[in-house]
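Peer 1: The structure's right below; bear with me while I get my questions together.
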Amino acid sequence: MLTQAAETFRSLAPNGVDWSSIAPEIALGVWALYVLLREAFRKPGSRGAATFTTIFLLLFSLLCVRNAFAIPAGASASFFGGMIEQSRTTELLRAFFLFSGFLTTLLGGTLLKKQGVPQAEFDVLILLATAGLMLLAQVRDFILLFVALETMSISMYVLVAYIRHSASSLEAGIKYLTQSGLSSALLLAGIALLFGAAGNTALPGACADPFSFRELRVFIFLNQGNAFVLGGAALVLCGLFFKIAAVPFQIWVGDVYQGAPTPVTAYLGVASKAAGFVLLVNVVTGPLLPLRGVLLPLLSAVAILTILFGNLAALGQQNVKRLMGLSGIAHAGYLLMGVCAAMALNVDWPIVAVYFYLFTYLLASYAIFGVMSVLSGEDDSAQTLNDYAGLMKRDSFLGGILAVSLGSLAGIPPMAGFVAKLFLFIAAFTAHLYWLAAVGLFGVVVSIYYYFNWMRVAVFVPCKTEDEVEAGTLKAAPIASGFWLRTVLTTLALITVCLGFWQGFLAL
Amino acid sequence: MTRTLLTILLSPLCAAALIALFGRRRGRLSAAISVASAGLQAALTLFLLVGGGWDGSTFRDTATWLTLGELQIDLGFYFNQMSALLLGVVTIVGFLIHVFAVGYSDDDKARGRFFGGLSIFMFSMTGIVLSENLFMLFIFWELVGFSSYMLIGHYLTDVASAAAKKAFIVNRVGDFGFLLGIIWCFWQFGTVSLAELPQALSASPVAACTLTFIGLLLFCGVMGKSAQMPLHVWLPDAMAGPTPVSALIHAATMVAAGVYLLGRVAFIFNPQALSVILAVGLATAFLSALFAFGQTDIKKILAYSTLSQLGFMVVAFALAGGSEGAATSQFHLTTHAFFKALLFLGAGSVIHACHHEQDIYKMGGLWKKMPVTFVTFLLATLAIAGVPYLSGFFSKDAILLLAKHANPAAFWLLVVTSFLTATYMGRIIFVAFLGKARSHAVEAAHESRPDMLFALVILAIGAVLAGYTGLYPHALASYLEANIAEPTHAEHASMLLISAILSLGGLLAAFFIYYRPGKNTDTFEKAAPGVYGVLREKLWFDNLYDWYVRAVQQRVANLVAILELVVIQGVLVRGSGGVAGLIGLAARRAHTGSLNTYFYWFAAGVLAFWLTTSGIL
Amino acid sequence: MIQQAATTPETFGPVLLQIVLAIAIAVGLILLSNLLGQRVAKRSSFSHTPYECGLPMTGNPHPRFGVKFFLTAMLFILFDIEVVFLFPMATVYRALLAAGIPILAPVLFFLAVLGVGLIYEIRKGALKWEGR
C-alpha cells in the first residue's frame, strides 16, 4: 500500500519536486508575509515597506528578463510532473506580470495617499495576485490553473473594493466578486467535464492524469465528437473569456473598471487580461487544438463581436475609466484575432505578436492610468473627459505622455501600438481571416475617433479658469506628481516610441 | 563605413530633435544647430569621396528590421558610385543653401520651425540616397514629401497653405502608384532589395507586360516627386515657400530624387516602359519651357525651367535606359543642382533685397546695385543655357548626343527646347538685372550679406566647373566617364557648334525681344496676346484639375461629407438614428448596472457557446 | 492514479435526473405560487410592504448589525480549512517520504503563513471583541 502510493507520487514528480523552479513566486509570497508582519508591528506614523516593495518588484522583473535570455530560445523544461513548463516565453511573461505589479504599486502610492487609505495591505494583495499571475504563465495543468487563477481573483476582489469609503468602489467589488465567482464556477465545471470524460477508461485514449494539457490533447484528438469534451471546452472558454472580457462576457467591465481604484483598474485591464490571453493561447493551441474546426468559427465570431461592441460602446463615453475599459474590450478583440490566426496556422509567430501587443498595451495603458491617478480628484471614479480640458496648457508633460500613449492605443504610426496592430493584421491576413481583419480595420478607424477626441480635449479645449475652480464648478485637481512617477511615465512613453521604430529582437 | 553613413544620415535628425526641444523660440540657436549638422554631413561626405573614407566599391550593409513568417524587411545602406554622386550633391549644395538661409531668414519670426524643417528634409533626403531597399526608400520618400509640405506652407498665408496642400495631394497621387509598384515588385520577385532585385529579375523571367506595368507604376512615384507632365502642377505653386527651400528642395535635390530613383531601379525598365517615359519627359521638357514665357514672377519662371530640366533628365534616362541612361541623367542632375540652386539663391538674394518683390517687370537695373549677385546669376544663366565650356553645356550635350543617336525626333524637340531655355533665361537677365529700375523698392535695393554671397560664389564655381568630370573624385569620374557616351571627333565639333548657336542665339533673341529699358510691359504679350494668354494659363492644366476637383471630386467629397455628417456626427456620436449608433447606444444601455441583467448576459453567453460547440447552432 | 469504473455517458443519467428534478422543483414552486396566489392587491403599493395589515412600518427592515459574528465565522472557516488541508497530508505523509518528496517543510510553511495571518489579525485588533 505504502509502496504503491509512493510509486504514484514518484510517477507524478519523476525528478522529485523542485521548489526552486517556482522560487520567484515563493519569494513574492514571503515578501508579502514580511510586509504584512511589518505592518502589524509598525508604530503609528513610521513608514511602511511600500517603497521597498516597489523596488523589489522592479528589480525582480529585470532579473526575470535577464534570466529569460539566459534560456536558449526554443528550450523548455517541465517541473512538478509536467504541471509547470518553463521557457524563455514564460520567463518573459513572469517579467511582464512583475513589471505590471511594479507599476501598480507605484500608481497606488500616488492614489491611495490622496484617498487616505493604507498602502501596506494594497501592496500585499498586489504581491499575491502577481504571484498567481506568474504561475498562470507557466501552468500546463488544469488544476494548477484553477488554483493560480483563484489566487489572483481573490486578491482582486479585495483590491477592487479597496477604497472602503467609496460606494462605487464597494459596488464594483461586489459586482466583480459575484460575476468572477460565476465565471470561475463555469471554468471549474468545464474542467470537471473534461476530467470526467478523459478519465473514462471506456473511451479511447483515456488519460492517466486527465488534468494535464499534454494528455488531454491526445484524448481530445481521439474523441472530438464527445459531448462532454465539447461541453467542457465550451465552459472552459466561457471562464477564460470572462477574464479577457470578450463578448458576451464583457458586461462586467464598465461598472468594475469605473469603480475600482485607478491603479487596480490598470492592473485588471492589463495584467489580468494578459493572464487570460496567456491561458487562452495555451489552451486553444494546447489541449483544445484538435477542436479547431469547431472553435475557430466560434472564436472568430467572438472576436468580431468583441471588436464591434468595444469600439461602439466606447464612442461617446464621457467617463475616462469606462472609456478605457470599453476600448480595452476592443483591444481584446484585436488580440483574439491573433489567437485565431495562431490557431488557424498552428505556428508560433502570431502568439509572439499577441504577446508583443500585450506589452505595448501595458506601456500605453499604464501611462494613461498613471496620468489619471495624478489627475484623480476626490472621487476616484468620477473622472470625465472634461477634467482633461486644457491639460496640455496646465501640464505639458502629462499632456505629452497622454498624447503618445493614446496615439499608441489608437495605432498611429510612429508608436509601438501601430506595429503591434500591424502584426496582428498580418497574422489575420496570412491565416485568410479576411472578414475578421476587415472588422478589425473598421474597429481601428472607429477607435481613432474616440482616442483623438480625448486628445483634442486635452490639447485644444481651453482650460477652465481659476474663477470656475473657486466657484466650485470644477473639481480642483492639483497636478502634483512625484519625481519617480514622472520618470517612470517618461520611460514608458519612450519605450512606446522606441518599439515603434525597432522590433528586430522579435523572432516572429 | 556603416558608422560614417549612419552619422551622415542621423545628424540632421538629431539636429531637428534638438531644435524641436530647445530651439522653438531661439532662432539663432536653431540656425546654428541646423547649419552645423549640414556642415557635418558635407564634411563626412567629402571624407568619403576625397578623403579616402571609401574605396569606390559598392558597399552594402543591412540589418533585419522585422521578420513575419515569410516576410522579412531589412533596413540598410546600399552605397555605390551613383549614390555617392548624389550624396555629394545633396550634402554640399544642401550645406551652402543652409548657410545662405541663415542670412535670408534673419527677419523670419519662425526661424526655429524653418531650420527644423530643413534638417528633417536633409535627414529624409539622405535616407532616400542611401536606402537599401524600396520599402525603406518609400518611407523616406514620404518623409521628404512631408518636410516639403511643411516648408512650402512655412509662411502660413492662404496661398502658401493652398500650395502646400496641392503639393502634398499631387504627390500622394504619384506615391499611390509607387506603392502599388513596390508591392507588385515584392510579390513578383520576393524581394525589394536594390542589390538583390537584379539577380531576382534575371533568375525569374516575367512577362514583358508585367514588367512594363511594374516599371510604369514605379515611374508614377517619379512623376509625382520630379513633377513630370500630368503631375507637374504642384511645383510652380510650391514657390510660395521661402526661397532657400525652393532652391534646396524644389530645384536642386528633392525633385531630383525621382530621377535618382529611375537610376536606382534602372534595370527594371524595359523598352516599352522607356518609350512611355520618354514621351512624358519630352512633353515636360518642351511644354514647361514654353510656359516659362508666360510668367512674370521670377521664381515661377525658374520653377518652369526646373520642370523643363527635369524633363531633360528623364528624357536622358529614357533614351538609353540601363546604366548609360542613368549616368547621363545623373550627370545632368548634378550640374543642374549647382546652377539651379545658384539661380534660386540669386533670385532669393534679389527678392530679399527688394523686400519680397518677385515680379521681374518691377525690377530692372539690379546689376549696379547687386554686382556679385548679378555676376553669379549671369554665370548660372549661361550654364543653364548651355554656353560651351560651362557645366550645363557638358551635361546637356551628353543628352543631345544620346538623342541624336537614338531618336531624331526627340533630338529636334530637345534642340528647340534648349533654344527656348536660353531665351527665357535671357529674359530674366535683360528685364530684371539690366535696364532701369522700375519701382522704388528696387531702387533702394542693396547687395546681400557676405555669408549669403559666400554661398553664391561657391555655387557659381560649381556651376562653372561641375561639367569637368576630371575634377571629380576618382570613383565618380570613372563612373561618369565609363557610362556616358563619348562623342567622336567630328561629332564633337558639330555638337559644340549646335550648342553655341542654340545658347547664344537664344540669349540674343531674348535681347531683341525683351530688352526694353524702362518699359514694364511684356513685349511678347503685346505682340501676340493670344499665344501669351495660352502660355500664361499653362495650357489650362491647373484649370482642368480645378474643374475636376470642383465638378467631380468636390461632389464626391460633399457626398462623403454628408455621409460623415450623418454617419459619424449624427449616428455614431449623437447616438441617434442609424444602425451603428443604435448598436453603440444599445451597447451602452446594456450596462444597466443591475447584476440581474448581467447574469442574463452570462446565461445567454454560456448557452450560445454550448450550442456552438455542440454543433447545434 | 485515480482508478475509475468504466463509465459511459449513460451512467451520468441519475445526475441528469437530479439536475432536472432540482430545476423543476424550484421553477415549479415559483410558478405554482404565482398561479395559485391571490392577485387582488397586485397593483397596490401595499403588496410591497412587509406586512399587509395596513399599519405603517417603523424602522428599517434590514437593520445593521455588528460584523463580529462574521469575523468569528471567517476565522473558523480559515482554521477549519487549515485542518482540511493538513489531514490529507498526514495520511500520505509516509508515502511522500518514501517517494523522496520533502513534505515537512512545505507543511510548516503553510502553517507559518496561517500563523502570520493570525498575528496580523491580533495586532490589527481584529479579534478584540470590544472597543472597535
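Labeling convention for the C-alpha cells: chains A, B, ... as they appear, residues from 1 per chain, ligands from 1 in order of appearance.
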Report as CSV the residues of chain A within 8 Å of chain C, each with its shortest atom pair and distance in Å (one decimal), using only C-alpha atoms, ordered by chain and increasing residue number.

Peer 2:
residue,atom,partner,partner_atom,distance
A:Leu2,CA,C:Ala95,CA,5.5
A:Thr3,CA,C:Ala95,CA,6.9
A:Ala5,CA,C:Ala95,CA,5.8
A:Ala6,CA,C:Ala95,CA,4.7
A:Glu7,CA,C:Ala99,CA,6.6
A:Thr8,CA,C:Met1,CA,6.5
A:Phe9,CA,C:Ala99,CA,6.3
A:Arg10,CA,C:Ala99,CA,5.5
A:Gly16,CA,C:Ile101,CA,5.9
A:Val17,CA,C:Ile101,CA,6.3
A:Leu33,CA,C:Val116,CA,6.8
A:Leu36,CA,C:Tyr120,CA,6.7
A:Leu37,CA,C:Tyr120,CA,6.3
A:Glu39,CA,C:Tyr120,CA,8.0
A:Ala40,CA,C:Tyr120,CA,5.2
A:Phe41,CA,C:Arg123,CA,7.1
A:Gly199,CA,C:Gln4,CA,7.1
A:Asn200,CA,C:Thr7,CA,5.9
A:Thr201,CA,C:Ala6,CA,5.3
A:Ala202,CA,C:Ala6,CA,5.1
A:Ala208,CA,C:Met1,CA,6.1
A:Asp209,CA,C:Met1,CA,7.0

Peer 1: Kindly save the residues from that selection, with C-alpha atoms included, as a compact mmCIF listing (two decimals), in the first residue's frame.

Peer 2:
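Result saved to out_22.txt:
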# COMPACT_ATOMS: atom_id res chain seq x y z
CA LEU A 2 2.70 2.38 1.05
CA THR A 3 4.99 1.47 -1.81
CA ALA A 5 1.26 5.23 -3.11
CA ALA A 6 4.92 6.17 -3.16
CA GLU A 7 5.11 4.88 -6.70
CA THR A 8 2.18 7.06 -7.68
CA PHE A 9 3.80 10.15 -6.26
CA ARG A 10 7.08 9.30 -7.92
CA GLY A 16 11.31 14.90 -7.33
CA VAL A 17 9.75 18.22 -6.50
CA LEU A 33 4.16 37.97 4.57
CA LEU A 36 2.13 42.09 6.49
CA LEU A 37 4.16 41.44 9.63
CA GLU A 39 2.58 46.45 9.02
CA ALA A 40 1.34 44.58 12.08
CA PHE A 41 4.26 45.78 14.21
CA GLY A 199 -10.68 9.77 -17.05
CA ASN A 200 -13.25 7.47 -18.53
CA THR A 201 -11.39 4.28 -19.33
CA ALA A 202 -14.14 3.19 -21.71
CA ALA A 208 -3.85 8.64 -16.50
CA ASP A 209 -3.77 12.31 -15.50

Peer 1: Taking only C-alpha atoms into account, report as number ranges by chain which residues of chain A lie within 6 Å of chain B.

Peer 2: A: 230-231, 234, 248, 294, 312-313, 316, 504, 508

Peer 1: Can you pull out the residues contacting A:Gly407? Cut-off 12 Å, using only C-alpha atoms, and skip same-chain residues under 4 positions away; I want them as a PyMOL selection string.

Peer 2: chain A and resi 360-361+363-365+367-368+399-403+411-419+444+447-456+493+496-497+500

Peer 1: Please dump the current selection as an mmCIF file, in the first residue's frame; keep N, CA and C atoms.

Peer 2:
data_model
loop_
_atom_site.group_PDB
_atom_site.id
_atom_site.type_symbol
_atom_site.label_atom_id
_atom_site.label_comp_id
_atom_site.auth_asym_id
_atom_site.auth_seq_id
_atom_site.Cartn_x
_atom_site.Cartn_y
_atom_site.Cartn_z
ATOM 1 N N THR A 360 2.872 46.265 -25.592
ATOM 2 C CA THR A 360 2.649 47.661 -25.984
ATOM 3 C C THR A 360 1.401 48.205 -25.287
ATOM 4 N N TYR A 361 0.412 47.324 -25.115
ATOM 5 C CA TYR A 361 -0.814 47.724 -24.433
ATOM 6 C C TYR A 361 -0.512 48.078 -22.980
ATOM 7 N N LEU A 363 2.351 49.231 -21.832
ATOM 8 C CA LEU A 363 3.059 50.514 -21.788
ATOM 9 C C LEU A 363 2.071 51.667 -21.886
ATOM 10 N N ALA A 364 1.224 51.605 -22.911
ATOM 11 C CA ALA A 364 0.321 52.724 -23.154
ATOM 12 C C ALA A 364 -0.710 52.833 -22.036
ATOM 13 N N SER A 365 -1.295 51.700 -21.620
ATOM 14 C CA SER A 365 -2.356 51.753 -20.614
ATOM 15 C C SER A 365 -1.837 52.294 -19.303
ATOM 16 N N ALA A 367 0.673 54.152 -18.758
ATOM 17 C CA ALA A 367 0.994 55.577 -18.853
ATOM 18 C C ALA A 367 -0.290 56.393 -18.690
ATOM 19 N N ILE A 368 -1.363 55.960 -19.378
ATOM 20 C CA ILE A 368 -2.612 56.710 -19.288
ATOM 21 C C ILE A 368 -3.199 56.632 -17.881
ATOM 22 N N GLY A 399 0.393 66.027 -20.549
ATOM 23 C CA GLY A 399 -0.282 66.062 -21.840
ATOM 24 C C GLY A 399 0.499 65.269 -22.873
ATOM 25 N N GLY A 400 1.814 65.448 -22.868
ATOM 26 C CA GLY A 400 2.645 64.736 -23.842
ATOM 27 C C GLY A 400 2.573 63.234 -23.645
ATOM 28 N N ILE A 401 2.678 62.795 -22.384
ATOM 29 C CA ILE A 401 2.588 61.365 -22.080
ATOM 30 C C ILE A 401 1.251 60.828 -22.583
ATOM 31 N N LEU A 402 0.190 61.588 -22.289
ATOM 32 C CA LEU A 402 -1.157 61.159 -22.688
ATOM 33 C C LEU A 402 -1.241 61.048 -24.209
ATOM 34 N N ALA A 403 -0.685 62.038 -24.908
ATOM 35 C CA ALA A 403 -0.791 62.047 -26.363
ATOM 36 C C ALA A 403 -0.057 60.841 -26.959
ATOM 37 N N GLY A 411 -3.085 53.259 -32.496
ATOM 38 C CA GLY A 411 -2.334 52.643 -33.587
ATOM 39 C C GLY A 411 -1.866 53.651 -34.621
ATOM 40 N N ILE A 412 -1.285 54.747 -34.150
ATOM 41 C CA ILE A 412 -0.780 55.772 -35.057
ATOM 42 C C ILE A 412 0.700 55.509 -35.312
ATOM 43 N N PRO A 413 1.121 55.571 -36.591
ATOM 44 C CA PRO A 413 2.413 55.037 -36.985
ATOM 45 C C PRO A 413 3.644 55.143 -36.113
ATOM 46 N N PRO A 414 4.151 56.257 -35.673
ATOM 47 C CA PRO A 414 5.468 56.019 -35.069
ATOM 48 C C PRO A 414 5.413 55.286 -33.735
ATOM 49 N N MET A 415 4.220 55.060 -33.203
ATOM 50 C CA MET A 415 4.149 54.425 -31.885
ATOM 51 C C MET A 415 4.140 52.896 -31.993
ATOM 52 N N ALA A 416 4.472 52.281 -30.863
ATOM 53 C CA ALA A 416 4.555 50.830 -30.842
ATOM 54 C C ALA A 416 3.204 50.187 -31.156
ATOM 55 N N GLY A 417 2.133 50.839 -30.739
ATOM 56 C CA GLY A 417 0.811 50.244 -30.945
ATOM 57 C C GLY A 417 0.518 49.981 -32.406
ATOM 58 N N PHE A 418 1.028 50.838 -33.253
ATOM 59 C CA PHE A 418 0.801 50.651 -34.685
ATOM 60 C C PHE A 418 1.442 49.359 -35.171
ATOM 61 N N VAL A 419 2.692 49.166 -34.820
ATOM 62 C CA VAL A 419 3.404 47.981 -35.281
ATOM 63 C C VAL A 419 2.728 46.732 -34.730
ATOM 64 N N VAL A 444 -10.487 49.794 -35.766
ATOM 65 C CA VAL A 444 -9.366 50.706 -35.534
ATOM 66 C C VAL A 444 -9.752 52.118 -35.963
ATOM 67 N N SER A 447 -11.916 53.566 -33.436
ATOM 68 C CA SER A 447 -11.207 53.850 -32.187
ATOM 69 C C SER A 447 -10.412 55.140 -32.306
ATOM 70 N N ILE A 448 -9.887 55.396 -33.504
ATOM 71 C CA ILE A 448 -9.132 56.646 -33.683
ATOM 72 C C ILE A 448 -10.020 57.819 -33.312
ATOM 73 N N TYR A 449 -11.301 57.684 -33.635
ATOM 74 C CA TYR A 449 -12.214 58.789 -33.360
ATOM 75 C C TYR A 449 -12.257 59.119 -31.872
ATOM 76 N N TYR A 450 -12.488 58.106 -31.030
ATOM 77 C CA TYR A 450 -12.643 58.483 -29.618
ATOM 78 C C TYR A 450 -11.312 58.753 -28.921
ATOM 79 N N TYR A 451 -10.246 58.074 -29.372
ATOM 80 C CA TYR A 451 -8.953 58.398 -28.751
ATOM 81 C C TYR A 451 -8.545 59.827 -29.109
ATOM 82 N N PHE A 452 -8.779 60.183 -30.368
ATOM 83 C CA PHE A 452 -8.386 61.529 -30.775
ATOM 84 C C PHE A 452 -9.280 62.585 -30.146
ATOM 85 N N ASN A 453 -10.525 62.205 -29.902
ATOM 86 C CA ASN A 453 -11.401 63.144 -29.213
ATOM 87 C C ASN A 453 -10.825 63.492 -27.851
ATOM 88 N N TRP A 454 -10.337 62.463 -27.185
ATOM 89 C CA TRP A 454 -9.714 62.660 -25.882
ATOM 90 C C TRP A 454 -8.510 63.590 -26.025
ATOM 91 N N MET A 455 -7.664 63.295 -27.016
ATOM 92 C CA MET A 455 -6.501 64.137 -27.258
ATOM 93 C C MET A 455 -6.926 65.571 -27.559
ATOM 94 N N ARG A 456 -7.987 65.688 -28.375
ATOM 95 C CA ARG A 456 -8.475 67.016 -28.755
ATOM 96 C C ARG A 456 -8.859 67.802 -27.508
ATOM 97 N N ALA A 493 6.658 56.070 -22.014
ATOM 98 C CA ALA A 493 6.397 56.729 -23.291
ATOM 99 C C ALA A 493 7.573 56.540 -24.242
ATOM 100 N N THR A 496 7.529 53.178 -25.677
ATOM 101 C CA THR A 496 6.469 53.114 -26.682
ATOM 102 C C THR A 496 6.962 53.641 -28.022
ATOM 103 N N VAL A 497 7.677 54.755 -27.978
ATOM 104 C CA VAL A 497 8.156 55.325 -29.242
ATOM 105 C C VAL A 497 9.256 54.443 -29.847
ATOM 106 N N GLY A 500 8.206 51.457 -31.535
ATOM 107 C CA GLY A 500 7.577 51.754 -32.813
ATOM 108 C C GLY A 500 8.584 51.716 -33.944
#

Peer 1: Write out as a list of chain:residue names which residues come within 12 Å of B:Leu21 when counting only C-alpha atoms, dropping same-chain ones fewer than 3 positions away.

Peer 2: B:Cys14, B:Ala15, B:Ala16, B:Ala17, B:Leu18, B:Arg24, B:Arg25, B:Arg26, B:Leu29, B:Ser30, B:Ile33, B:Gly112, B:Arg113, B:Gly116

Peer 1: Next, dump the selected residues to file, keeping only N, CA and C atoms, as a JSON list (two decimals), in the first residue's frame.

Peer 2:
[["chain", "number", "residue", "atom", "x", "y", "z"],
["B", 14, "CYS", "N", 19.08, 64.37, -35.46],
["B", 14, "CYS", "CA", 19.40, 64.85, -34.11],
["B", 14, "CYS", "C", 19.21, 66.36, -34.04],
["B", 15, "ALA", "N", 19.68, 67.03, -35.10],
["B", 15, "ALA", "CA", 19.55, 68.48, -35.11],
["B", 15, "ALA", "C", 18.08, 68.86, -35.02],
["B", 16, "ALA", "N", 17.23, 68.18, -35.81],
["B", 16, "ALA", "CA", 15.81, 68.50, -35.79],
["B", 16, "ALA", "C", 15.23, 68.26, -34.40],
["B", 17, "ALA", "N", 15.67, 67.16, -33.76],
["B", 17, "ALA", "CA", 15.16, 66.86, -32.42],
["B", 17, "ALA", "C", 15.58, 67.94, -31.44],
["B", 18, "LEU", "N", 16.84, 68.34, -31.54],
["B", 18, "LEU", "CA", 17.32, 69.39, -30.64],
["B", 18, "LEU", "C", 16.54, 70.68, -30.84],
["B", 24, "ARG", "N", 12.62, 76.22, -30.36],
["B", 24, "ARG", "CA", 11.41, 76.74, -30.99],
["B", 24, "ARG", "C", 11.31, 78.26, -30.87],
["B", 25, "ARG", "N", 11.89, 78.80, -29.80],
["B", 25, "ARG", "CA", 11.83, 80.25, -29.68],
["B", 25, "ARG", "C", 13.21, 80.88, -29.79],
["B", 26, "ARG", "N", 14.22, 80.04, -30.08],
["B", 26, "ARG", "CA", 15.56, 80.59, -30.20],
["B", 26, "ARG", "C", 16.06, 80.38, -31.62],
["B", 29, "LEU", "N", 19.90, 79.98, -32.26],
["B", 29, "LEU", "CA", 20.42, 78.69, -31.83],
["B", 29, "LEU", "C", 20.06, 77.60, -32.84],
["B", 30, "SER", "N", 18.78, 77.60, -33.25],
["B", 30, "SER", "CA", 18.38, 76.51, -34.14],
["B", 30, "SER", "C", 19.08, 76.63, -35.48],
["B", 33, "ILE", "N", 22.46, 75.08, -34.98],
["B", 33, "ILE", "CA", 22.41, 73.62, -34.91],
["B", 33, "ILE", "C", 22.23, 73.03, -36.30],
["B", 112, "GLY", "N", 13.04, 78.90, -35.96],
["B", 112, "GLY", "CA", 13.27, 77.56, -35.44],
["B", 112, "GLY", "C", 12.55, 76.52, -36.26],
["B", 113, "ARG", "N", 11.29, 76.81, -36.55],
["B", 113, "ARG", "CA", 10.49, 75.86, -37.33],
["B", 113, "ARG", "C", 11.10, 75.68, -38.71],
["B", 116, "GLY", "N", 14.29, 73.64, -38.41],
["B", 116, "GLY", "CA", 13.90, 72.28, -38.07],
["B", 116, "GLY", "C", 13.42, 71.55, -39.30]]

Peer 1: What's the separation between atom CA of A:Leu128 and atom CA of C:Ala90, in Å to one decimal place?

Peer 2: 26.8 Å

Peer 1: For B:His98, please output as JSON, numbers by chain all residues within 10 Å (counting only C-alpha atoms; exclusion window: fewer than 3 positions along the same chain).

Peer 2: {"B": [31, 32, 34, 35, 36, 37, 38, 39, 92, 93, 94, 95, 101, 102, 103, 104, 115, 118, 119, 244, 245, 248, 452, 455]}

Peer 1: For the atom pair atom CA of B:Gln358 and atom CA of B:His336, what is the interatomic distance in Å to one decimal place?

Peer 2: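 Taking atom CA of B:Gln358 and atom CA of B:His336, their separation equals 22.4 Å.
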
Peer 1: Mind checking which residues fall within 8 Å of stretch 273-289 of chain B, counting only C-alpha atoms, ignoring those fewer than 6 positions away in the same chain, and posting them as a PyMOL selection string?

Peer 2: chain B and resi 212-213+215-216+219+228-229+304-305+307-315+318-319+321+410+413-414+416-417+420-421+424

Peer 1: Give me the residues near B:Val457 as number ranges by chain, where near means some atom within 9 Å (using only C-alpha atoms) and where sequence neighbours in that chain fewer than 3 positions away do not count.

Peer 2: B: 342, 372-373, 376, 452-454, 460-462
